[in-house]
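J.: So here's structure-v2.txt, just compact mmCIF, C-alpha atoms:
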# COMPACT_ATOMS: atom_id res chain seq x y z
CA MET A 1 0.00 0.00 0.00
CA ARG A 2 1.37 3.36 -1.03
CA SER A 3 1.99 5.40 2.08
CA ILE A 4 -0.27 8.40 2.58
CA ILE A 5 1.32 11.08 4.73
CA ILE A 6 -1.19 13.28 6.50
CA CYS A 7 0.33 16.06 8.55
CA PHE A 8 -1.52 17.14 11.62
CA LEU A 9 -1.44 20.61 13.13
CA ILE A 10 -2.18 21.10 16.79
CA SER A 11 -4.49 24.07 16.67
CA ASN A 12 -6.67 25.93 19.14
CA PHE A 13 -9.04 26.97 16.39
CA VAL A 14 -6.83 29.90 15.43
CA PHE A 15 -7.51 28.90 11.84
CA ALA A 16 -11.19 29.86 12.17
CA SER A 17 -10.66 33.41 10.93
CA ASN A 18 -7.59 32.52 8.85
CA LEU A 19 -8.74 32.60 5.27
CA GLU A 20 -5.32 32.36 3.65
CA ILE A 21 -6.07 29.05 1.93
CA LEU A 22 -9.02 30.57 0.04
CA GLN A 23 -8.82 31.81 -3.51
CA ASN A 24 -7.92 35.51 -3.64
CA ASP A 25 -11.37 36.54 -4.87
CA LYS A 26 -13.16 34.59 -2.14
CA LYS A 27 -10.73 35.86 0.48
CA GLU A 28 -11.31 39.44 -0.65
CA LEU A 29 -15.06 38.89 -0.59
CA ARG A 30 -14.92 37.65 3.00
CA ASN A 31 -12.78 40.62 4.03
CA LEU A 32 -15.13 43.06 2.32
CA GLU A 33 -18.07 41.42 4.08
CA LYS A 34 -16.39 42.07 7.43
CA LYS A 35 -15.64 45.69 6.48
CA SER A 36 -19.28 46.10 5.50
CA ILE A 37 -20.34 44.88 8.96
CA GLU A 38 -17.97 47.33 10.63
CA ALA A 39 -19.19 50.23 8.47
CA SER A 40 -22.80 49.34 9.20
CA TYR A 41 -22.04 49.38 12.94
CA GLU A 42 -20.39 52.80 12.79
CA ALA A 43 -23.39 54.21 10.93
CA LEU A 44 -25.99 52.59 13.18
CA LYS A 45 -24.43 53.59 16.51
CA ASN A 46 -24.49 57.27 15.44
CA ASP A 47 -27.88 57.10 13.76
CA TRP A 48 -29.51 58.97 16.67
CA ILE A 49 -27.48 62.12 15.84
CA SER A 50 -29.51 64.41 13.58
CA PRO A 51 -27.91 65.98 10.51
CA ILE A 52 -27.36 69.73 10.12
CA THR A 53 -29.42 71.03 7.22
CA ILE A 54 -29.08 74.11 5.10
CA SER A 55 -31.64 75.53 2.70
CA SER A 56 -31.80 78.60 0.48
CA GLY A 57 -34.38 80.17 -1.79
CA LEU A 58 -35.21 82.96 -4.20
CA GLU A 59 -38.64 84.59 -4.23
CA ARG A 60 -40.14 87.33 -6.41
CA ASP A 61 -43.21 89.14 -5.09
CA HIS A 62 -45.39 91.32 -7.41
CA SER A 63 -48.70 93.07 -6.73
CA PHE A 64 -51.08 93.65 -9.70
CA SER A 65 -53.16 96.28 -7.87
CA SER A 66 -50.27 98.54 -7.01
CA LYS A 67 -46.79 99.20 -8.16
CA SER A 68 -45.02 97.13 -5.61
CA GLY A 69 -42.86 94.07 -5.67
CA SER A 70 -39.71 92.65 -4.25
CA PHE A 71 -37.02 90.10 -4.85
CA ASP A 72 -36.13 88.10 -1.75
CA LYS A 73 -33.10 85.93 -1.12
CA SER A 74 -33.13 83.71 1.96
CA ALA A 75 -31.00 81.05 3.61
CA THR A 76 -31.58 78.89 6.66
CA ILE A 77 -29.22 76.60 8.54
CA GLY A 78 -30.11 74.50 11.57
CA PHE A 79 -30.75 71.17 13.16
CA THR A 80 -33.15 69.48 15.53
CA GLN A 81 -31.55 67.06 17.94
CA SER A 82 -33.11 64.61 20.38
CA ILE A 83 -31.36 64.94 23.75
CA TYR A 84 -33.59 62.72 25.90
CA GLU A 85 -35.79 59.77 24.90
CA SER A 86 -36.47 58.05 28.24
CA GLY A 87 -33.44 55.84 27.69
CA GLY A 88 -34.08 55.44 23.98
CA ILE A 89 -30.77 57.01 22.89
CA GLU A 90 -28.74 54.62 25.04
CA LEU A 91 -30.79 51.71 23.71
CA LYS A 92 -30.15 52.75 20.10
CA ILE A 93 -26.41 52.66 20.78
CA GLN A 94 -26.74 49.33 22.60
CA TYR A 95 -28.77 47.88 19.72
CA ALA A 96 -25.99 48.86 17.33
CA LYS A 97 -23.51 46.99 19.54
CA ASP A 98 -25.76 43.93 19.79
CA LYS A 99 -26.29 43.83 16.03
CA TYR A 100 -22.56 44.25 15.42
CA LYS A 101 -21.84 41.29 17.70
CA THR A 102 -24.49 39.18 15.96
CA ASP A 103 -23.25 40.10 12.49
CA LEU A 104 -19.65 39.28 13.41
CA ILE A 105 -20.58 35.86 14.82
CA SER A 106 -22.63 35.18 11.69
CA TRP A 107 -19.65 36.19 9.54
CA GLU A 108 -17.38 33.90 11.54
CA ASN A 109 -19.92 31.09 11.29
CA ASP A 110 -19.85 31.43 7.50
CA ASN A 111 -16.04 31.15 7.65
CA TYR A 112 -16.31 27.97 9.70
CA GLN A 113 -18.70 26.46 7.16
CA ILE A 114 -16.43 27.34 4.23
CA LEU A 115 -13.40 25.87 5.97
CA GLN A 116 -15.39 22.80 6.99
CA THR A 117 -16.26 22.19 3.34
CA ILE A 118 -12.59 22.52 2.37
CA TYR A 119 -11.17 20.24 5.06
CA GLU A 120 -13.88 17.62 4.78
CA THR A 121 -13.36 17.61 1.01
CA LEU A 122 -9.65 17.05 1.66
CA LEU A 123 -10.48 14.06 3.85
CA GLU A 124 -12.88 12.73 1.22
CA ILE A 125 -10.15 13.03 -1.42
CA SER A 126 -7.71 11.10 0.79
CA LYS A 127 -10.39 8.50 1.41
CA ILE A 128 -11.21 8.05 -2.29
CA LYS A 129 -7.52 7.76 -3.19
CA LEU A 130 -7.23 4.93 -0.69
CA GLU A 131 -10.37 3.33 -2.08
CA ILE A 132 -8.92 3.50 -5.60
CA GLU A 133 -5.77 1.71 -4.46
CA GLN A 134 -7.85 -0.80 -2.52
CA SER A 135 -10.06 -1.39 -5.54
CA ALA A 136 -7.02 -2.38 -7.61
CA TYR A 137 -6.34 -5.26 -5.18
CA SER A 138 -10.02 -6.23 -5.24
CA LEU A 139 -9.87 -6.31 -9.05
CA GLN A 140 -6.83 -8.57 -8.91
CA ASN A 141 -8.75 -10.98 -6.66
CA LYS A 142 -11.74 -10.93 -9.02
CA GLU A 143 -9.45 -11.73 -11.95
CA ILE A 144 -7.87 -14.63 -10.05
CA GLU A 145 -11.33 -15.93 -9.09
CA MET A 146 -12.36 -15.77 -12.75
CA ILE A 147 -9.24 -17.70 -13.81
CA LEU A 148 -9.91 -20.37 -11.18
CA LYS A 149 -13.56 -20.66 -12.26
CA LYS A 150 -12.44 -21.04 -15.86
CA ILE A 151 -10.03 -23.82 -14.89
CA GLN A 152 -12.77 -25.51 -12.87
CA TYR A 153 -15.26 -25.12 -15.75
CA GLU A 154 -12.82 -26.67 -18.23
CA ALA A 155 -12.33 -29.54 -15.78
CA GLY A 156 -16.12 -29.95 -15.47
CA ASP A 157 -16.17 -29.06 -11.75
CA VAL A 158 -18.50 -26.03 -12.18
CA ASP A 159 -21.12 -25.05 -14.73
CA ILE A 160 -21.23 -22.01 -17.00
CA VAL A 161 -23.33 -20.05 -14.50
CA ASP A 162 -20.50 -20.01 -11.96
CA LEU A 163 -18.00 -18.92 -14.58
CA ASN A 164 -20.37 -16.23 -15.87
CA ASN A 165 -20.94 -14.92 -12.34
CA SER A 166 -17.18 -14.58 -11.81
CA ILE A 167 -16.88 -12.61 -15.08
CA ILE A 168 -19.74 -10.31 -14.04
CA ALA A 169 -18.11 -9.79 -10.62
CA LYS A 170 -14.81 -8.83 -12.28
CA ASN A 171 -16.55 -6.39 -14.63
CA SER A 172 -18.51 -4.87 -11.72
CA GLN A 173 -15.28 -4.28 -9.83
CA PHE A 174 -13.76 -2.66 -12.92
CA LYS A 175 -16.77 -0.33 -13.16
CA GLU A 176 -16.35 0.47 -9.47
CA ASN A 177 -12.78 1.57 -10.20
CA ILE A 178 -14.03 3.96 -12.90
CA LEU A 179 -16.73 5.36 -10.60
CA LEU A 180 -14.12 6.03 -7.92
CA GLN A 181 -11.93 7.88 -10.43
CA ASN A 182 -14.89 10.06 -11.41
CA SER A 183 -15.77 10.64 -7.77
CA LEU A 184 -12.19 11.79 -7.13
CA LYS A 185 -12.44 14.30 -9.97
CA ASP A 186 -15.73 15.61 -8.55
CA LYS A 187 -14.15 16.18 -5.12
CA GLU A 188 -11.11 17.85 -6.65
CA TYR A 189 -13.45 20.16 -8.56
CA ILE A 190 -15.28 21.08 -5.34
CA LEU A 191 -11.94 21.88 -3.70
CA SER A 192 -10.89 24.03 -6.68
CA LYS A 193 -13.97 26.23 -6.17
CA TYR A 194 -12.62 27.33 -2.80
CA THR A 195 -8.84 27.27 -3.07
CA SER A 196 -6.10 27.36 -5.68
CA LEU A 197 -4.04 24.93 -3.59
CA LYS A 198 -3.91 21.23 -4.40
CA ASP A 199 -5.03 18.66 -1.84
CA ASN A 200 -1.43 17.69 -1.03
CA GLU A 201 -0.53 21.34 -0.36
CA ILE A 202 -2.92 21.79 2.57
CA GLU A 203 -2.15 20.34 5.97
CA ILE A 204 -4.97 18.49 7.71
CA LEU A 205 -5.87 19.70 11.19
CA ASP A 206 -6.31 17.52 14.24
CA PHE A 207 -10.07 17.60 14.77
CA SER A 208 -10.22 15.38 17.86
CA GLY A 209 -10.54 16.37 21.51
CA ILE A 210 -13.78 18.37 21.47
CA LYS A 211 -15.46 17.99 24.85
CA LYS A 212 -19.20 17.84 25.26
CA GLU A 213 -19.41 21.00 27.38
CA ASP A 214 -17.35 22.92 24.81
CA PHE A 215 -19.43 21.64 21.91
CA ILE A 216 -22.59 22.89 23.63
CA ASN A 217 -21.42 26.06 25.39
CA LYS A 218 -19.11 27.23 22.60
CA ASN A 219 -21.22 26.03 19.72
CA ILE A 220 -20.98 28.72 17.03
CA GLU A 221 -24.64 28.40 16.02
CA LEU A 222 -25.76 28.56 19.66
CA LEU A 223 -23.62 31.66 20.26
CA LEU A 224 -25.22 33.24 17.21
CA GLN A 225 -28.73 32.50 18.43
CA LYS A 226 -27.87 33.79 21.93
CA SER A 227 -26.59 37.04 20.49
CA LYS A 228 -29.93 37.42 18.71
CA ILE A 229 -31.64 37.20 22.11
CA ASP A 230 -29.68 40.26 23.27
CA MET A 231 -30.47 42.09 20.05
CA LEU A 232 -34.20 41.33 20.19
CA GLY A 233 -34.31 42.18 23.90
CA THR A 234 -32.79 45.59 23.21
CA SER A 235 -35.20 46.08 20.31
CA TYR A 236 -38.14 45.32 22.62
CA GLU A 237 -36.92 47.91 25.13
CA GLN A 238 -36.49 50.38 22.27
CA THR A 239 -40.07 49.82 21.18
CA LYS A 240 -41.29 50.62 24.70
CA THR A 241 -39.33 53.88 24.85
CA SER A 242 -40.91 55.06 21.61
CA TYR A 243 -44.13 55.62 23.61
CA LEU A 244 -42.44 57.61 26.39
CA PRO A 245 -41.67 61.38 26.65
CA LYS A 246 -38.94 62.86 24.46
CA VAL A 247 -37.01 66.12 24.65
CA THR A 248 -35.52 67.75 21.57
CA THR A 249 -33.60 70.94 21.03
CA SER A 250 -33.59 73.01 17.85
CA LEU A 251 -31.17 75.61 16.60
CA LYS A 252 -31.93 77.66 13.50
CA ALA A 253 -30.29 80.68 11.88
CA ASN A 254 -32.13 82.67 9.16
CA TYR A 255 -30.90 85.22 6.64
CA LEU A 256 -33.23 87.36 4.50
CA ASP A 257 -32.22 89.93 1.90
CA SER A 258 -35.10 91.85 0.20
CA GLU A 259 -34.90 94.30 -2.71
CA ASP A 260 -37.83 96.54 -3.83
CA PHE A 261 -38.13 96.53 -7.67
CA TYR A 262 -39.97 99.83 -8.07
CA SER A 263 -38.19 102.04 -5.57
CA SER A 264 -34.82 100.44 -6.20
CA THR A 265 -34.26 100.47 -2.50
CA GLN A 266 -32.34 97.77 -0.70
CA LYS A 267 -33.81 96.75 2.58
CA GLU A 268 -31.45 95.93 5.36
CA ALA A 269 -30.70 92.24 5.51
CA ASN A 270 -32.59 90.51 8.27
CA ASN A 271 -30.62 87.95 10.33
CA THR A 272 -32.37 85.96 13.05
CA GLY A 273 -31.50 83.03 15.26
CA ILE A 274 -33.88 80.69 17.05
CA VAL A 275 -33.13 78.26 19.86
CA SER A 276 -35.91 76.06 21.20
CA LEU A 277 -36.43 73.22 23.63
CA ASN A 278 -39.37 70.90 22.96
CA LEU A 279 -41.10 68.21 24.99
CA SER A 280 -43.28 65.64 23.24
CA VAL A 281 -45.43 63.01 24.95
CA PRO A 282 -47.23 60.39 22.82
CA LEU A 283 -50.88 60.31 23.87
CA TYR A 284 -52.39 57.49 21.87
CA ASP A 285 -51.29 54.94 19.28
CA TYR A 286 -53.89 52.45 18.09
CA ASN A 287 -51.21 49.82 17.32
CA LYS A 288 -49.15 50.34 20.47
CA SER A 289 -50.18 47.13 22.24
CA ASN A 290 -49.83 45.08 19.04
CA LYS A 291 -46.36 46.43 18.30
CA LEU A 292 -45.19 45.83 21.86
CA GLU A 293 -46.65 42.32 21.90
CA GLU A 294 -45.06 41.47 18.55
CA SER A 295 -41.64 42.65 19.74
CA LYS A 296 -41.97 40.79 23.03
CA ILE A 297 -43.05 37.54 21.33
CA SER A 298 -40.07 37.72 18.95
CA TYR A 299 -37.80 38.00 21.98
CA LEU A 300 -39.46 35.09 23.83
CA LYS A 301 -39.47 32.90 20.70
CA GLN A 302 -35.73 33.44 20.31
CA LYS A 303 -35.13 32.38 23.94
CA ALA A 304 -37.20 29.24 23.39
CA GLN A 305 -35.31 28.50 20.18
CA VAL A 306 -32.00 28.67 22.04
CA ASN A 307 -33.21 26.19 24.66
CA ASP A 308 -34.45 23.87 21.91
CA LEU A 309 -31.11 24.14 20.10
CA LYS A 310 -29.25 23.17 23.29
CA ASN A 311 -31.27 19.96 23.48
CA GLN A 312 -30.53 19.22 19.82
CA LEU A 313 -26.81 19.75 20.37
CA VAL A 314 -26.74 17.25 23.24
CA TYR A 315 -28.36 14.67 20.97
CA GLU A 316 -26.07 15.53 18.06
CA TYR A 317 -22.94 15.16 20.19
CA GLU A 318 -24.03 11.78 21.53
CA GLN A 319 -24.98 10.62 18.04
CA ILE A 320 -21.56 11.52 16.61
CA LEU A 321 -19.75 9.89 19.53
CA ASN A 322 -21.83 6.77 19.02
CA GLN A 323 -20.85 6.69 15.34
CA ILE A 324 -17.18 7.09 16.27
CA ASP A 325 -17.54 4.22 18.73
CA ILE A 326 -19.00 2.03 15.96
CA TYR A 327 -16.04 2.83 13.69
CA GLU A 328 -13.58 2.05 16.49
CA LYS A 329 -15.24 -1.31 17.14
CA TYR A 330 -15.09 -1.99 13.42
CA ASN A 331 -11.37 -1.17 13.54
CA LYS A 332 -10.86 -3.80 16.21
CA THR A 333 -12.52 -6.41 13.96
CA ILE A 334 -10.37 -5.35 11.00
CA LYS A 335 -7.20 -5.66 13.08
CA ASP A 336 -8.25 -9.15 14.15
CA ASN A 337 -8.80 -10.02 10.48
CA ILE A 338 -5.35 -8.72 9.53
CA LYS A 339 -3.78 -10.81 12.27
CA LEU A 340 -5.70 -13.85 10.96
CA TYR A 341 -4.45 -13.25 7.41
CA ASP A 342 -0.90 -12.96 8.73
CA ASP A 343 -1.29 -16.43 10.25
CA LEU A 344 -2.83 -17.81 7.05
CA LEU A 345 -0.07 -16.29 4.94
CA SER A 346 2.58 -17.82 7.17
CA ILE A 347 0.99 -21.27 6.78
CA ASN A 348 0.33 -20.82 3.06
CA ASN A 349 3.90 -19.72 2.36
CA ILE A 350 5.13 -23.01 3.78
CA SER A 351 2.61 -25.14 1.90
CA ASN A 352 3.20 -23.17 -1.31
CA SER A 353 6.95 -23.76 -1.05
CA ALA A 354 6.23 -27.46 -0.66
CA GLY A 355 3.98 -27.39 -3.74
CA MET A 356 0.87 -28.22 -1.73
CA THR A 357 -1.06 -24.99 -2.63
CA SER A 358 -1.13 -22.79 -5.70
CA THR A 359 0.31 -19.33 -6.13
CA TYR A 360 -3.25 -18.14 -6.74
CA ASP A 361 -4.17 -18.99 -3.14
CA LEU A 362 -1.20 -17.07 -1.84
CA ASP A 363 -1.99 -14.05 -4.03
CA ILE A 364 -5.62 -13.97 -2.90
CA LEU A 365 -4.55 -14.01 0.76
CA LYS A 366 -2.00 -11.25 0.21
CA ASN A 367 -4.51 -9.10 -1.66
CA THR A 368 -7.22 -9.68 0.93
CA LYS A 369 -4.86 -8.66 3.70
CA LYS A 370 -4.08 -5.46 1.75
CA ILE A 371 -7.80 -4.82 1.31
CA ASN A 372 -8.27 -5.07 5.08
CA GLU A 373 -5.36 -2.71 5.70
CA TYR A 374 -7.01 -0.20 3.39
CA ASP A 375 -10.29 -0.73 5.26
CA LEU A 376 -8.48 0.26 8.44
CA ALA A 377 -7.00 3.43 6.87
CA ILE A 378 -10.33 4.37 5.28
CA ASN A 379 -12.14 3.80 8.54
CA ASN A 380 -9.69 6.09 10.36
CA ILE A 381 -10.60 8.85 7.89
CA ASN A 382 -14.28 8.18 8.62
CA ILE A 383 -13.51 8.78 12.29
CA LYS A 384 -11.76 12.07 11.44
CA LEU A 385 -14.80 13.14 9.41
CA GLN A 386 -17.00 12.57 12.45
CA HIS A 387 -14.63 14.57 14.67
CA SER A 388 -14.66 17.39 12.11
CA LYS A 389 -18.44 17.72 12.55
CA LEU A 390 -17.79 18.66 16.17
CA TYR A 391 -14.69 20.72 15.49
CA PHE A 392 -16.15 23.10 12.94
CA LYS A 393 -19.21 23.83 15.07
CA THR A 394 -17.20 24.79 18.15
CA LYS A 395 -15.82 28.28 18.51
CA GLY A 396 -12.26 28.42 19.80
CA ASP A 397 -10.57 30.96 22.03
CA ASN A 398 -9.08 33.05 19.24
Produce structure tokens that represent the structure in this file.
T.:
Amino acid sequence: MRSIIICFLISNFVFASNLEILQNDKKELRNLEKKSIEASYEALKNDWISPITISSGLERDHSFSSKSGSFDKSATIGFTQSIYESGGIELKIQYAKDKYKTDLISWENDNYQILQTIYETLLEISKIKLEIEQSAYSLQNKEIEMILKKIQYEAGDVDIVDLNNSIIAKNSQFKENILLQNSLKDKEYILSKYTSLKDNEIEILDFSGIKKEDFINKNIELLLQKSKIDMLGTSYEQTKTSYLPKVTTSLKANYLDSEDFYSSTQKEANNTGIVSLNLSVPLYDYNKSNKLEESKISYLKQKAQVNDLKNQLVYEYEQILNQIDIYEKYNKTIKDNIKLYDDLLSINNISNSAGMTSTYDLDILKNTKKINEYDLAINNINIKLQHSKLYFKTKGDN
């Protein structure tokens, strides 16, 4: 069996935000997505600050009953700013922080999923390559079995049905080899969609060692859903403050320049400034109770969803561990089989040297032992694939 070298990196999930293995375009897209989240946060946290506005105008006034008229030029600059909203301003800033946290976790979760696809595809490629090599030994056995059936048929020991079945079995194994080659190309194509690196240029991580409490408490999807609880809770409090008293201040400066057309006199420019403080108290909103109830229910639903997700994660962890246990028990059986074939080969080598058994028998035993060794290697990759399901759903301490 050709040796397959898989290098393992001991990692504390530092890779989770490391997108260096991605194609440049995908890497740039992920970086731009993060910048977009940061820009959105900066805009949202200052959204409560009102803009300063400026306006200007030209107006011509003419009276048809008397010879009078003027040409007015005006300009106004000012702003109206909320300075107290019964806690609403602080909640707007807090909501921006909660949303920023949620968006960042969601962005990181997307990274985990992309990297999971890459690394699991790498494992699948390694697995298929082993299966291709294993299939070559299986094909050799099928060819030997066909030769033996042909010899037996010519000697009259078996009928044509047995010989035909051996030919069909050999052809089926040959088709299996072709299917595996095509499957390998498919996996390599999937990998090429994410990275320009070849499968042998990317080191495989060590996915094992995820504890149950970490898988549940640091589960990336659970953290995302929990952050949504905070965001919806803040939104609910915001909705309540929208029905409470608010205080705003206004500052406005006006400029007016008026010219009389008929007297050709220029009036003195009029400059005024206005500062005001306003209190507003909502008296009645027909949809108030409905809006508050809707916001509250969204918050409570999210809390219930988190609790439900926790229960699902416990089941998922146990299910994966059970599957790993099955693979490990299967490994024990394979190792016992390999030991048995070692014993049979030792006996058959002696009998073959003495001319008591054919070379075909010895070749079948050797090939079958190789097939079992490949089963062991393939099964170990299956175990790694199960560990990866836990690994890529658990947020590390980056």
J.: Restricting the calculation to only C-alpha atoms: of A:Tyr189, A:Trp48, A:Phe392, A:Tyr100, which residue gets closest to Glu221 of chain A?
T.: A:Phe392
J.: For Asp110 of chain A, which residue out of A:Ile350, A:Tyr243, A:Ile21, A:Lys393 is the nearest one, using all atoms listed in the file?
T.: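 Closest to Asp110 of chain A, using all atoms listed in the file: A:Lys393.
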J.: Would you work out the distance separating atom CA of Asn349 of chain A from atom CA of Lys369 of chain A, expressed in Å to one decimal?
T.: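 Atom CA of Lys369 of chain A lies at a distance of 14.2 Å from atom CA of Asn349 of chain A.
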J.: Between atom CA of Lys92 of chain A and atom CA of Lys291 of chain A, measure the distance and give it in Å to one decimal.
T.: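 Taking atom CA of Lys92 of chain A as the start and atom CA of Lys291 of chain A as the end point, the length is 17.5 Å.
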J.: Sorted by chain and rising residue number, which residues of segment 141-247 of chain A lie within 8 Å of segment 305-326 of chain A, and what are their closest atom pairs and distances in Å to one decimal, counting all atoms listed in the file, as a Markdown table?
T.:
| residue | atom | partner | partner_atom | distance |
| --- | --- | --- | --- | --- |
| A:Lys212 | CA | A:Tyr317 | CA | 6.8 |
| A:Phe215 | CA | A:Tyr317 | CA | 7.6 |
| A:Ile216 | CA | A:Leu313 | CA | 6.2 |
| A:Leu222 | CA | A:Val306 | CA | 6.7 |
| A:Gln225 | CA | A:Val306 | CA | 6.2 |
| A:Lys226 | CA | A:Val306 | CA | 6.6 |
J.: Report as a PyMOL selection string all protein, DNA and RNA residues lying within 9 Å of Ser138 of chain A, evaluated on only C-alpha atoms, omitting residues in the same chain fewer than 3 positions from it.
T.: chain A and resi 134-135+141-143+170+173+367-368+371
J.: I'd like to know which of A:Leu19, A:Thr249, A:Trp107, A:Ile89 is closest to Glu33 of chain A, using only C-alpha atoms.
T.: A:Trp107
J.: Given the choices A:Leu123, A:Leu44, A:Ile167, A:Leu300, which gets closest to Lys187 of chain A if the distance is worked out from only C-alpha atoms?
T.: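 Residue with the minimum atom-to-atom distance to Lys187 of chain A: A:Leu123.
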J.: Could you check which of A:Ile334, A:Ile229, A:Leu139, A:Leu224 is closest to Asp375 of chain A, using all atoms listed in the file?
T.: A:Ile334
J.: Mind dumping a table of every segment 32-150 of chain A residue within 10 Å of segment 191-202 of chain A, with the nearest atom pair and its distance in Å to one decimal, using all atoms listed in the file, sorted by chain and rising number, as CSV?
T.:
residue,atom,partner,partner_atom,distance
A:Ile114,CA,A:Tyr194,CA,8.0
A:Leu115,CA,A:Tyr194,CA,8.9
A:Thr117,CA,A:Leu191,CA,8.3
A:Ile118,CA,A:Leu191,CA,6.1
A:Tyr119,CA,A:Ile202,CA,8.8
A:Glu120,CA,A:Leu191,CA,9.7
A:Thr121,CA,A:Leu191,CA,6.5
A:Leu122,CA,A:Asp199,CA,6.0
A:Leu123,CA,A:Asp199,CA,9.1
A:Ile125,CA,A:Asp199,CA,7.6
A:Ser126,CA,A:Asp199,CA,8.4
J.: Those residues you just picked out, can you put them in a file as a PDB file, in the frame of the given file with C-alpha atoms?
T.:
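Saved result, result19.pdb, follows:
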ATOM      1  CA  ILE A 114     -16.430  27.340   4.230  1.00  0.00           C
ATOM      2  CA  LEU A 115     -13.400  25.870   5.970  1.00  0.00           C
ATOM      3  CA  THR A 117     -16.260  22.190   3.340  1.00  0.00           C
ATOM      4  CA  ILE A 118     -12.590  22.520   2.370  1.00  0.00           C
ATOM      5  CA  TYR A 119     -11.170  20.240   5.060  1.00  0.00           C
ATOM      6  CA  GLU A 120     -13.880  17.620   4.780  1.00  0.00           C
ATOM      7  CA  THR A 121     -13.360  17.610   1.010  1.00  0.00           C
ATOM      8  CA  LEU A 122      -9.650  17.050   1.660  1.00  0.00           C
ATOM      9  CA  LEU A 123     -10.480  14.060   3.850  1.00  0.00           C
ATOM     10  CA  ILE A 125     -10.150  13.030  -1.420  1.00  0.00           C
ATOM     11  CA  SER A 126      -7.710  11.100   0.790  1.00  0.00           C
TER      12      SER A 126
END
J.: For atom CA of Lys366 of chain A and atom CA of Tyr137 of chain A, quote the distance in Å rounded to one decimal.
T.: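 About the pair atom CA of Lys366 of chain A and atom CA of Tyr137 of chain A: they are 9.2 Å apart.
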J.: Using only C-alpha atoms, which of the listed residues (A:Leu344, A:Val161, A:Val281, A:Leu223) sits closest to Val247 of chain A?
T.: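 Ranking A:Leu344, A:Val161, A:Val281, A:Leu223 by distance to Val247 of chain A, first place goes to A:Val281.
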